[in-house]
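Colleague: Have a peek at protein36.cif (mmCIF, N, CA and C atoms, pLDDT in the B column; chains and numbers go by the auth columns).
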```
data_work
#
loop_
_atom_site.group_PDB
_atom_site.id
_atom_site.type_symbol
_atom_site.label_atom_id
_atom_site.label_comp_id
_atom_site.label_asym_id
_atom_site.label_seq_id
_atom_site.Cartn_x
_atom_site.Cartn_y
_atom_site.Cartn_z
_atom_site.B_iso_or_equiv
_atom_site.auth_seq_id
_atom_site.auth_asym_id
ATOM 1 N N MET A 1 10.774 17.435 2.298 66.00 147 A
ATOM 2 C CA MET A 1 10.286 17.916 3.571 66.00 147 A
ATOM 3 C C MET A 1 11.493 18.196 4.470 66.00 147 A
ATOM 4 N N ARG A 2 11.575 19.388 4.957 81.00 148 A
ATOM 5 C CA ARG A 2 12.738 19.840 5.735 81.00 148 A
ATOM 6 C C ARG A 2 12.962 19.004 6.987 81.00 148 A
ATOM 7 N N ALA A 3 11.914 18.678 7.709 80.00 149 A
ATOM 8 C CA ALA A 3 12.065 17.882 8.930 80.00 149 A
ATOM 9 C C ALA A 3 12.710 16.537 8.622 80.00 149 A
ATOM 10 N N ARG A 4 12.307 15.919 7.536 78.00 150 A
ATOM 11 C CA ARG A 4 12.881 14.629 7.147 78.00 150 A
ATOM 12 C C ARG A 4 14.361 14.790 6.819 78.00 150 A
ATOM 13 N N GLU A 5 14.712 15.860 6.092 82.00 151 A
ATOM 14 C CA GLU A 5 16.113 16.130 5.753 82.00 151 A
ATOM 15 C C GLU A 5 16.970 16.286 6.998 82.00 151 A
ATOM 16 N N LEU A 6 16.392 16.857 8.045 87.00 152 A
ATOM 17 C CA LEU A 6 17.120 17.084 9.290 87.00 152 A
ATOM 18 C C LEU A 6 17.065 15.895 10.242 87.00 152 A
ATOM 19 N N GLY A 7 16.390 14.835 9.836 84.00 153 A
ATOM 20 C CA GLY A 7 16.291 13.647 10.669 84.00 153 A
ATOM 21 C C GLY A 7 15.377 13.822 11.868 84.00 153 A
ATOM 22 N N ARG A 8 14.449 14.749 11.781 89.00 154 A
ATOM 23 C CA ARG A 8 13.516 15.011 12.871 89.00 154 A
ATOM 24 C C ARG A 8 12.333 14.045 12.798 89.00 154 A
ATOM 25 N N PRO A 9 11.789 13.664 13.951 93.00 155 A
ATOM 26 C CA PRO A 9 10.599 12.807 13.935 93.00 155 A
ATOM 27 C C PRO A 9 9.408 13.571 13.364 93.00 155 A
ATOM 28 N N ILE A 10 8.625 12.893 12.562 94.00 156 A
ATOM 29 C CA ILE A 10 7.466 13.512 11.917 94.00 156 A
ATOM 30 C C ILE A 10 6.202 12.806 12.399 94.00 156 A
ATOM 31 N N CYS A 11 5.252 13.593 12.878 96.00 157 A
ATOM 32 C CA CYS A 11 3.926 13.103 13.237 96.00 157 A
ATOM 33 C C CYS A 11 2.960 13.703 12.232 96.00 157 A
ATOM 34 N N PHE A 12 2.104 12.875 11.662 96.00 158 A
ATOM 35 C CA PHE A 12 1.229 13.336 10.588 96.00 158 A
ATOM 36 C C PHE A 12 -0.202 12.885 10.833 96.00 158 A
ATOM 37 N N ASP A 13 -1.118 13.835 10.754 96.00 159 A
ATOM 38 C CA ASP A 13 -2.553 13.572 10.801 96.00 159 A
ATOM 39 C C ASP A 13 -3.102 14.061 9.467 96.00 159 A
ATOM 40 N N PRO A 14 -3.501 13.156 8.562 95.00 160 A
ATOM 41 C CA PRO A 14 -3.918 13.596 7.231 95.00 160 A
ATOM 42 C C PRO A 14 -5.135 14.516 7.227 95.00 160 A
ATOM 43 N N ASN A 15 -6.028 14.388 8.207 93.00 161 A
ATOM 44 C CA ASN A 15 -7.198 15.264 8.298 93.00 161 A
ATOM 45 C C ASN A 15 -7.796 15.524 6.913 93.00 161 A
ATOM 46 N N LEU A 16 -8.062 14.442 6.200 92.00 162 A
ATOM 47 C CA LEU A 16 -8.535 14.543 4.821 92.00 162 A
ATOM 48 C C LEU A 16 -9.898 15.220 4.716 92.00 162 A
ATOM 49 N N ARG A 17 -9.929 16.280 3.992 93.00 163 A
ATOM 50 C CA ARG A 17 -11.170 16.991 3.671 93.00 163 A
ATOM 51 C C ARG A 17 -11.248 17.030 2.155 93.00 163 A
ATOM 52 N N VAL A 18 -11.635 15.902 1.577 90.00 164 A
ATOM 53 C CA VAL A 18 -11.564 15.733 0.127 90.00 164 A
ATOM 54 C C VAL A 18 -12.401 16.744 -0.632 90.00 164 A
ATOM 55 N N GLU A 19 -13.443 17.279 0.013 92.00 165 A
ATOM 56 C CA GLU A 19 -14.287 18.266 -0.668 92.00 165 A
ATOM 57 C C GLU A 19 -13.551 19.585 -0.915 92.00 165 A
ATOM 58 N N ARG A 20 -12.420 19.786 -0.275 94.00 166 A
ATOM 59 C CA ARG A 20 -11.637 21.011 -0.470 94.00 166 A
ATOM 60 C C ARG A 20 -10.592 20.884 -1.578 94.00 166 A
ATOM 61 N N TRP A 21 -10.507 19.723 -2.182 93.00 167 A
ATOM 62 C CA TRP A 21 -9.529 19.447 -3.229 93.00 167 A
ATOM 63 C C TRP A 21 -10.236 19.374 -4.580 93.00 167 A
ATOM 64 N N PRO A 22 -9.493 19.557 -5.672 95.00 168 A
ATOM 65 C CA PRO A 22 -10.103 19.407 -6.995 95.00 168 A
ATOM 66 C C PRO A 22 -10.716 18.018 -7.198 95.00 168 A
ATOM 67 N N SER A 23 -10.103 16.996 -6.562 94.00 169 A
ATOM 68 C CA SER A 23 -10.665 15.647 -6.626 94.00 169 A
ATOM 69 C C SER A 23 -10.223 14.879 -5.379 94.00 169 A
ATOM 70 N N PRO A 24 -11.018 13.889 -4.968 92.00 170 A
ATOM 71 C CA PRO A 24 -10.607 13.066 -3.833 92.00 170 A
ATOM 72 C C PRO A 24 -9.268 12.368 -4.074 92.00 170 A
ATOM 73 N N GLU A 25 -9.031 11.972 -5.313 93.00 171 A
ATOM 74 C CA GLU A 25 -7.783 11.285 -5.636 93.00 171 A
ATOM 75 C C GLU A 25 -6.571 12.171 -5.352 93.00 171 A
ATOM 76 N N GLU A 26 -6.682 13.460 -5.681 95.00 172 A
ATOM 77 C CA GLU A 26 -5.572 14.385 -5.419 95.00 172 A
ATOM 78 C C GLU A 26 -5.322 14.530 -3.926 95.00 172 A
ATOM 79 N N ALA A 27 -6.381 14.589 -3.140 95.00 173 A
ATOM 80 C CA ALA A 27 -6.236 14.695 -1.684 95.00 173 A
ATOM 81 C C ALA A 27 -5.518 13.473 -1.135 95.00 173 A
ATOM 82 N N VAL A 28 -5.953 12.299 -1.568 95.00 174 A
ATOM 83 C CA VAL A 28 -5.354 11.056 -1.088 95.00 174 A
ATOM 84 C C VAL A 28 -3.902 10.952 -1.536 95.00 174 A
ATOM 85 N N GLN A 29 -3.629 11.293 -2.782 95.00 175 A
ATOM 86 C CA GLN A 29 -2.255 11.231 -3.291 95.00 175 A
ATOM 87 C C GLN A 29 -1.342 12.165 -2.497 95.00 175 A
ATOM 88 N N ALA A 30 -1.807 13.362 -2.197 95.00 176 A
ATOM 89 C CA ALA A 30 -0.994 14.315 -1.427 95.00 176 A
ATOM 90 C C ALA A 30 -0.717 13.771 -0.024 95.00 176 A
ATOM 91 N N ALA A 31 -1.737 13.215 0.607 96.00 177 A
ATOM 92 C CA ALA A 31 -1.558 12.669 1.953 96.00 177 A
ATOM 93 C C ALA A 31 -0.624 11.461 1.938 96.00 177 A
ATOM 94 N N ARG A 32 -0.803 10.576 0.975 94.00 178 A
ATOM 95 C CA ARG A 32 0.076 9.398 0.874 94.00 178 A
ATOM 96 C C ARG A 32 1.534 9.801 0.675 94.00 178 A
ATOM 97 N N GLY A 33 1.745 10.917 -0.008 92.00 179 A
ATOM 98 C CA GLY A 33 3.103 11.400 -0.231 92.00 179 A
ATOM 99 C C GLY A 33 3.812 11.839 1.036 92.00 179 A
ATOM 100 N N CYS A 34 3.068 12.017 2.093 92.00 180 A
ATOM 101 C CA CYS A 34 3.648 12.453 3.372 92.00 180 A
ATOM 102 C C CYS A 34 3.926 11.297 4.334 92.00 180 A
ATOM 103 N N LEU A 35 3.518 10.095 4.014 93.00 181 A
ATOM 104 C CA LEU A 35 3.564 8.994 4.972 93.00 181 A
ATOM 105 C C LEU A 35 4.948 8.394 5.197 93.00 181 A
ATOM 106 N N GLU A 36 5.678 8.161 4.139 89.00 182 A
ATOM 107 C CA GLU A 36 6.943 7.435 4.254 89.00 182 A
ATOM 108 C C GLU A 36 7.880 8.113 5.238 89.00 182 A
ATOM 109 N N GLY A 37 8.393 7.328 6.161 89.00 183 A
ATOM 110 C CA GLY A 37 9.363 7.822 7.114 89.00 183 A
ATOM 111 C C GLY A 37 8.783 8.526 8.328 89.00 183 A
ATOM 112 N N CYS A 38 7.461 8.579 8.444 95.00 184 A
ATOM 113 C CA CYS A 38 6.857 9.221 9.618 95.00 184 A
ATOM 114 C C CYS A 38 7.073 8.367 10.860 95.00 184 A
ATOM 115 N N LEU A 39 7.271 9.026 11.958 96.00 185 A
ATOM 116 C CA LEU A 39 7.299 8.338 13.238 96.00 185 A
ATOM 117 C C LEU A 39 5.885 7.909 13.622 96.00 185 A
ATOM 118 N N LEU A 40 4.925 8.825 13.459 98.00 186 A
ATOM 119 C CA LEU A 40 3.552 8.575 13.863 98.00 186 A
ATOM 120 C C LEU A 40 2.583 9.100 12.814 98.00 186 A
ATOM 121 N N VAL A 41 1.620 8.286 12.463 98.00 187 A
ATOM 122 C CA VAL A 41 0.493 8.723 11.636 98.00 187 A
ATOM 123 C C VAL A 41 -0.773 8.403 12.415 98.00 187 A
ATOM 124 N N LYS A 42 -1.619 9.411 12.593 98.00 188 A
ATOM 125 C CA LYS A 42 -2.908 9.255 13.265 98.00 188 A
ATOM 126 C C LYS A 42 -3.982 9.576 12.245 98.00 188 A
ATOM 127 N N ALA A 43 -4.901 8.664 12.069 98.00 189 A
ATOM 128 C CA ALA A 43 -5.999 8.864 11.116 98.00 189 A
ATOM 129 C C ALA A 43 -7.261 8.252 11.688 98.00 189 A
ATOM 130 N N ASN A 44 -8.404 8.727 11.244 97.00 190 A
ATOM 131 C CA ASN A 44 -9.635 8.043 11.635 97.00 190 A
ATOM 132 C C ASN A 44 -9.866 6.891 10.654 97.00 190 A
ATOM 133 N N ALA A 45 -10.849 6.063 10.934 97.00 191 A
ATOM 134 C CA ALA A 45 -11.084 4.873 10.117 97.00 191 A
ATOM 135 C C ALA A 45 -11.393 5.229 8.666 97.00 191 A
ATOM 136 N N SER A 46 -12.141 6.298 8.430 96.00 192 A
ATOM 137 C CA SER A 46 -12.468 6.704 7.060 96.00 192 A
ATOM 138 C C SER A 46 -11.227 7.150 6.302 96.00 192 A
ATOM 139 N N GLU A 47 -10.385 7.927 6.970 96.00 193 A
ATOM 140 C CA GLU A 47 -9.144 8.376 6.326 96.00 193 A
ATOM 141 C C GLU A 47 -8.232 7.197 6.029 96.00 193 A
ATOM 142 N N ALA A 48 -8.144 6.269 6.968 97.00 194 A
ATOM 143 C CA ALA A 48 -7.307 5.082 6.761 97.00 194 A
ATOM 144 C C ALA A 48 -7.789 4.276 5.563 97.00 194 A
ATOM 145 N N ARG A 49 -9.115 4.166 5.413 96.00 195 A
ATOM 146 C CA ARG A 49 -9.679 3.450 4.260 96.00 195 A
ATOM 147 C C ARG A 49 -9.325 4.163 2.962 96.00 195 A
ATOM 148 N N LEU A 50 -9.443 5.488 2.948 95.00 196 A
ATOM 149 C CA LEU A 50 -9.098 6.248 1.748 95.00 196 A
ATOM 150 C C LEU A 50 -7.618 6.104 1.401 95.00 196 A
ATOM 151 N N LEU A 51 -6.763 6.116 2.416 96.00 197 A
ATOM 152 C CA LEU A 51 -5.319 6.037 2.177 96.00 197 A
ATOM 153 C C LEU A 51 -4.868 4.671 1.683 96.00 197 A
ATOM 154 N N THR A 52 -5.597 3.621 2.071 96.00 198 A
ATOM 155 C CA THR A 52 -5.120 2.264 1.787 96.00 198 A
ATOM 156 C C THR A 52 -6.045 1.419 0.931 96.00 198 A
ATOM 157 N N GLY A 53 -7.321 1.765 0.874 96.00 199 A
ATOM 158 C CA GLY A 53 -8.292 0.911 0.199 96.00 199 A
ATOM 159 C C GLY A 53 -8.763 -0.238 1.069 96.00 199 A
ATOM 160 N N GLU A 54 -8.275 -0.320 2.297 97.00 200 A
ATOM 161 C CA GLU A 54 -8.655 -1.393 3.221 97.00 200 A
ATOM 162 C C GLU A 54 -9.850 -0.953 4.054 97.00 200 A
ATOM 163 N N ALA A 55 -10.934 -1.711 4.037 97.00 201 A
ATOM 164 C CA ALA A 55 -12.129 -1.375 4.814 97.00 201 A
ATOM 165 C C ALA A 55 -11.939 -1.668 6.297 97.00 201 A
ATOM 166 N N ASP A 56 -11.167 -2.698 6.617 98.00 202 A
ATOM 167 C CA ASP A 56 -10.922 -3.075 8.004 98.00 202 A
ATOM 168 C C ASP A 56 -9.855 -2.155 8.607 98.00 202 A
ATOM 169 N N PRO A 57 -10.151 -1.453 9.707 97.00 203 A
ATOM 170 C CA PRO A 57 -9.169 -0.526 10.275 97.00 203 A
ATOM 171 C C PRO A 57 -7.839 -1.177 10.647 97.00 203 A
ATOM 172 N N ALA A 58 -7.870 -2.404 11.154 97.00 204 A
ATOM 173 C CA ALA A 58 -6.620 -3.082 11.498 97.00 204 A
ATOM 174 C C ALA A 58 -5.785 -3.349 10.249 97.00 204 A
ATOM 175 N N ALA A 59 -6.423 -3.789 9.185 98.00 205 A
ATOM 176 C CA ALA A 59 -5.710 -4.023 7.928 98.00 205 A
ATOM 177 C C ALA A 59 -5.184 -2.706 7.358 98.00 205 A
ATOM 178 N N ALA A 60 -5.969 -1.639 7.481 98.00 206 A
ATOM 179 C CA ALA A 60 -5.520 -0.328 7.010 98.00 206 A
ATOM 180 C C ALA A 60 -4.308 0.134 7.796 98.00 206 A
ATOM 181 N N ALA A 61 -4.326 -0.075 9.111 98.00 207 A
ATOM 182 C CA ALA A 61 -3.169 0.311 9.933 98.00 207 A
ATOM 183 C C ALA A 61 -1.922 -0.460 9.517 98.00 207 A
ATOM 184 N N GLU A 62 -2.080 -1.739 9.260 97.00 208 A
ATOM 185 C CA GLU A 62 -0.945 -2.560 8.798 97.00 208 A
ATOM 186 C C GLU A 62 -0.421 -2.039 7.451 97.00 208 A
ATOM 187 N N ALA A 63 -1.336 -1.679 6.560 97.00 209 A
ATOM 188 C CA ALA A 63 -0.938 -1.176 5.245 97.00 209 A
ATOM 189 C C ALA A 63 -0.199 0.157 5.367 97.00 209 A
ATOM 190 N N ILE A 64 -0.649 1.021 6.258 97.00 210 A
ATOM 191 C CA ILE A 64 0.049 2.297 6.463 97.00 210 A
ATOM 192 C C ILE A 64 1.431 2.045 7.059 97.00 210 A
ATOM 193 N N ALA A 65 1.519 1.143 8.029 96.00 211 A
ATOM 194 C CA ALA A 65 2.819 0.809 8.615 96.00 211 A
ATOM 195 C C ALA A 65 3.771 0.265 7.553 96.00 211 A
ATOM 196 N N ALA A 66 3.241 -0.509 6.615 95.00 212 A
ATOM 197 C CA ALA A 66 4.069 -1.085 5.549 95.00 212 A
ATOM 198 C C ALA A 66 4.645 -0.016 4.617 95.00 212 A
ATOM 199 N N LEU A 67 4.081 1.190 4.667 91.00 213 A
ATOM 200 C CA LEU A 67 4.592 2.290 3.844 91.00 213 A
ATOM 201 C C LEU A 67 5.774 2.998 4.502 91.00 213 A
ATOM 202 N N GLY A 68 6.255 2.468 5.617 90.00 214 A
ATOM 203 C CA GLY A 68 7.417 3.039 6.279 90.00 214 A
ATOM 204 C C GLY A 68 7.090 3.901 7.483 90.00 214 A
ATOM 205 N N VAL A 69 5.891 3.721 8.048 96.00 215 A
ATOM 206 C CA VAL A 69 5.486 4.470 9.238 96.00 215 A
ATOM 207 C C VAL A 69 5.771 3.604 10.462 96.00 215 A
ATOM 208 N N LYS A 70 6.401 4.194 11.479 96.00 216 A
ATOM 209 C CA LYS A 70 6.774 3.410 12.654 96.00 216 A
ATOM 210 C C LYS A 70 5.595 3.108 13.569 96.00 216 A
ATOM 211 N N LEU A 71 4.702 4.076 13.771 98.00 217 A
ATOM 212 C CA LEU A 71 3.550 3.867 14.634 98.00 217 A
ATOM 213 C C LEU A 71 2.319 4.448 13.959 98.00 217 A
ATOM 214 N N VAL A 72 1.273 3.641 13.880 98.00 218 A
ATOM 215 C CA VAL A 72 0.012 4.058 13.258 98.00 218 A
ATOM 216 C C VAL A 72 -1.086 3.961 14.308 98.00 218 A
ATOM 217 N N VAL A 73 -1.840 5.039 14.461 98.00 219 A
ATOM 218 C CA VAL A 73 -2.999 5.046 15.352 98.00 219 A
ATOM 219 C C VAL A 73 -4.224 5.345 14.502 98.00 219 A
ATOM 220 N N ILE A 74 -5.202 4.452 14.568 98.00 220 A
ATOM 221 C CA ILE A 74 -6.474 4.642 13.873 98.00 220 A
ATOM 222 C C ILE A 74 -7.534 4.860 14.945 98.00 220 A
ATOM 223 N N THR A 75 -8.174 6.020 14.899 98.00 221 A
ATOM 224 C CA THR A 75 -9.249 6.293 15.854 98.00 221 A
ATOM 225 C C THR A 75 -10.544 5.696 15.331 98.00 221 A
ATOM 226 N N LEU A 76 -11.349 5.194 16.261 97.00 222 A
ATOM 227 C CA LEU A 76 -12.571 4.474 15.921 97.00 222 A
ATOM 228 C C LEU A 76 -13.801 5.105 16.563 97.00 222 A
ATOM 229 N N GLY A 77 -13.765 6.403 16.777 95.00 223 A
ATOM 230 C CA GLY A 77 -14.907 7.090 17.390 95.00 223 A
ATOM 231 C C GLY A 77 -15.192 6.532 18.777 95.00 223 A
ATOM 232 N N PRO A 78 -16.448 6.205 19.065 96.00 224 A
ATOM 233 C CA PRO A 78 -16.797 5.711 20.403 96.00 224 A
ATOM 234 C C PRO A 78 -16.214 4.332 20.702 96.00 224 A
ATOM 235 N N ASP A 79 -15.655 3.677 19.688 95.00 225 A
ATOM 236 C CA ASP A 79 -15.051 2.345 19.893 95.00 225 A
ATOM 237 C C ASP A 79 -13.579 2.417 20.242 95.00 225 A
ATOM 238 N N GLY A 80 -13.060 3.623 20.486 97.00 226 A
ATOM 239 C CA GLY A 80 -11.661 3.761 20.910 97.00 226 A
ATOM 240 C C GLY A 80 -10.706 3.976 19.753 97.00 226 A
ATOM 241 N N ALA A 81 -9.607 3.253 19.785 97.00 227 A
ATOM 242 C CA ALA A 81 -8.552 3.383 18.772 97.00 227 A
ATOM 243 C C ALA A 81 -7.764 2.093 18.741 97.00 227 A
ATOM 244 N N LEU A 82 -6.979 1.947 17.681 96.00 228 A
ATOM 245 C CA LEU A 82 -6.048 0.831 17.611 96.00 228 A
ATOM 246 C C LEU A 82 -4.707 1.362 17.144 96.00 228 A
ATOM 247 N N ALA A 83 -3.656 0.654 17.519 96.00 229 A
ATOM 248 C CA ALA A 83 -2.305 1.081 17.144 96.00 229 A
ATOM 249 C C ALA A 83 -1.556 -0.098 16.555 96.00 229 A
ATOM 250 N N ARG A 84 -0.702 0.198 15.604 95.00 230 A
ATOM 251 C CA ARG A 84 0.184 -0.795 14.994 95.00 230 A
ATOM 252 C C ARG A 84 1.556 -0.174 14.854 95.00 230 A
ATOM 253 N N GLY A 85 2.557 -1.019 14.938 88.00 231 A
ATOM 254 C CA GLY A 85 3.923 -0.548 14.746 88.00 231 A
ATOM 255 C C GLY A 85 4.769 -0.810 15.950 88.00 231 A
#
```
Go ahead and express the file in the form of C-alpha coordinates.
Modeller:
Amino acid sequence: MRARELGRPICFDPNLRVERWPSPEEAVQAARGCLEGCLLVKANASEARLLTGEADPAAAAEAIAALGVKLVVITLGPDGALARG
(Lines of atoms letter the chains of each structure in order from A and count residues from 1; the text may use other names and numbers.)
(Lines give C-alpha, C1' and ligand atoms only; values in the text may rest on other atoms or scores of the structure.)
Protein backbone atom coordinates (compact mmCIF):
# COMPACT_ATOMS: atom_id res chain seq x y z
CA MET A 1 0.00 0.00 0.00
CA ARG A 2 1.57 3.26 -1.16
CA ALA A 3 0.37 5.34 1.80
CA ARG A 4 2.02 2.92 4.21
CA GLU A 5 5.27 3.03 2.21
CA LEU A 6 5.24 6.82 2.49
CA GLY A 7 4.53 6.74 6.22
CA ARG A 8 1.15 8.40 5.78
CA PRO A 9 -1.64 7.85 8.32
CA ILE A 10 -4.23 5.38 7.08
CA CYS A 11 -7.91 5.46 8.05
CA PHE A 12 -9.86 2.38 7.02
CA ASP A 13 -13.58 1.59 7.01
CA PRO A 14 -14.00 -2.01 5.82
CA ASN A 15 -17.62 -1.43 4.73
CA LEU A 16 -17.95 -5.18 4.27
CA ARG A 17 -20.50 -6.18 1.68
CA VAL A 18 -19.83 -9.90 1.66
CA GLU A 19 -22.57 -10.57 -0.89
CA ARG A 20 -20.43 -8.78 -3.50
CA TRP A 21 -17.51 -11.19 -3.04
CA PRO A 22 -17.12 -14.78 -4.27
CA SER A 23 -17.27 -15.79 -0.59
CA PRO A 24 -17.58 -14.07 2.78
CA GLU A 25 -14.19 -15.48 3.74
CA GLU A 26 -12.52 -13.69 0.82
CA ALA A 27 -14.13 -10.39 1.83
CA VAL A 28 -12.97 -10.76 5.42
CA GLN A 29 -9.47 -11.84 4.39
CA ALA A 30 -9.12 -8.82 2.08
CA ALA A 31 -10.29 -6.43 4.80
CA ARG A 32 -8.04 -8.00 7.45
CA GLY A 33 -5.11 -7.52 5.08
CA CYS A 34 -5.62 -3.77 5.30
CA LEU A 35 -5.66 -3.44 9.10
CA GLU A 36 -2.04 -3.65 10.20
CA GLY A 37 -0.48 -0.26 10.72
CA CYS A 38 -3.69 1.76 10.35
CA LEU A 39 -4.06 4.88 12.40
CA LEU A 40 -7.84 4.48 12.53
CA VAL A 41 -10.24 1.66 11.74
CA LYS A 42 -13.98 2.35 11.92
CA ALA A 43 -16.36 -0.58 11.66
CA ASN A 44 -19.88 -1.38 12.74
CA ALA A 45 -20.48 -4.17 15.25
CA SER A 46 -21.28 -6.74 12.54
CA GLU A 47 -18.12 -5.95 10.60
CA ALA A 48 -16.05 -6.09 13.78
CA ARG A 49 -17.49 -9.54 14.54
CA LEU A 50 -16.66 -10.76 11.04
CA LEU A 51 -13.11 -9.39 11.24
CA THR A 52 -12.34 -10.89 14.65
CA GLY A 53 -14.82 -13.64 15.49
CA GLU A 54 -15.63 -11.74 18.70
CA ALA A 55 -19.36 -11.26 19.35
CA ASP A 56 -18.79 -8.57 21.99
CA PRO A 57 -18.00 -5.21 20.31
CA ALA A 58 -15.53 -4.21 23.04
CA ALA A 59 -13.64 -7.49 22.67
CA ALA A 60 -13.70 -7.09 18.88
CA ALA A 61 -12.26 -3.59 19.19
CA GLU A 62 -9.47 -4.91 21.42
CA ALA A 63 -8.76 -7.69 18.91
CA ILE A 64 -8.56 -5.20 16.03
CA ALA A 65 -6.25 -2.95 18.06
CA ALA A 66 -4.04 -5.99 18.75
CA LEU A 67 -3.54 -6.31 14.98
CA GLY A 68 -1.53 -3.08 15.00
CA VAL A 69 -4.31 -0.48 14.74
CA LYS A 70 -3.79 2.63 16.85
CA LEU A 71 -7.44 3.68 17.21
CA VAL A 72 -10.51 1.51 16.69
CA VAL A 73 -14.05 2.88 16.59
CA ILE A 74 -16.97 0.44 16.59
CA THR A 75 -20.34 1.99 15.81
CA LEU A 76 -23.31 0.55 17.66
CA GLY A 77 -26.25 2.06 15.79
CA PRO A 78 -28.65 3.83 18.18
CA ASP A 79 -26.41 2.78 21.11
CA GLY A 80 -23.59 5.10 20.00
CA ALA A 81 -20.03 3.90 19.51
CA LEU A 82 -17.01 2.74 21.43
CA ALA A 83 -13.33 3.43 20.90
CA ARG A 84 -10.16 1.58 21.84
CA GLY A 85 -6.55 2.48 21.39
Colleague: Quick check on the file I pasted: which residues fall under the PyMOL selection byres ((chain A and resi 156-161) around 6.5)? Write them as a list in words.
Modeller: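 So the PyMOL selection byres ((chain A and resi 156-161) around 6.5) ends up selecting Arg154, Pro155, Leu162, Arg163, Ala177, Gly183, Cys184, Leu185, Leu186, Val187, Lys188 and Ala189 of chain A.
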Colleague: Separation of CA of Leu213 (chain A) and CA of Ala227 (chain A), in Å?
Modeller: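 For CA of Leu213 (chain A) relative to CA of Ala227 (chain A), the distance reads 19.9 Å.
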Colleague: Would you give me, as a count of residues only, the residues in chain A that DSSP reads as alpha helix (DSSP H)?
Modeller: 31
Colleague: From the set A:Pro224, A:Glu172, A:Glu182, A:Asn190, which residue has the shortest atom-to-atom contact distance to Ala212 (chain A), counting only N, CA and C atoms?
Modeller: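 With only N, CA and C atoms as the atom set, the closest residue is A:Glu182.
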Colleague: List every residue of chain A that DSSP, applied to the backbone of this structure, assigns to strand (DSSP E or B), and report them as an NGL selection string.
Modeller: :A and (157-158 or 186-190 or 217-221 or 227-230)
Colleague: Within 6 Å of (0.0, 5.5, 7.7), in the coordinates the file gives, what residues turn up when you count only C-alpha atoms, written out as a list in words?
Modeller: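 Collected hits near the coordinates: Leu181, Val187, Ile210, Ala211, Val215 and Val218 of chain A.
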Colleague: Could you please determine the separation between CA of Pro170 (chain A) and CA of Leu217 (chain A) in Å, to one decimal place?
Modeller: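 Distance between the two atoms: 25.0 Å.
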Colleague: I'd like the interatomic distance between atom C of Ala176 (chain A) and CA of Gly223 (chain A), to a tenth of an Å.
Modeller: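 We find that atom C of Ala176 (chain A) and CA of Gly223 (chain A) lie 23.4 Å from each other.
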Colleague: Calculated over only C-alpha atoms, which of the candidates A:Ala149, A:Val174, A:Ala207, A:Cys180 has the smallest distance to Ile220 (chain A)?
Modeller: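 Going through A:Ala149, A:Val174, A:Ala207, A:Cys180 one by one, the smallest distance to Ile220 (chain A) is for A:Ala207.
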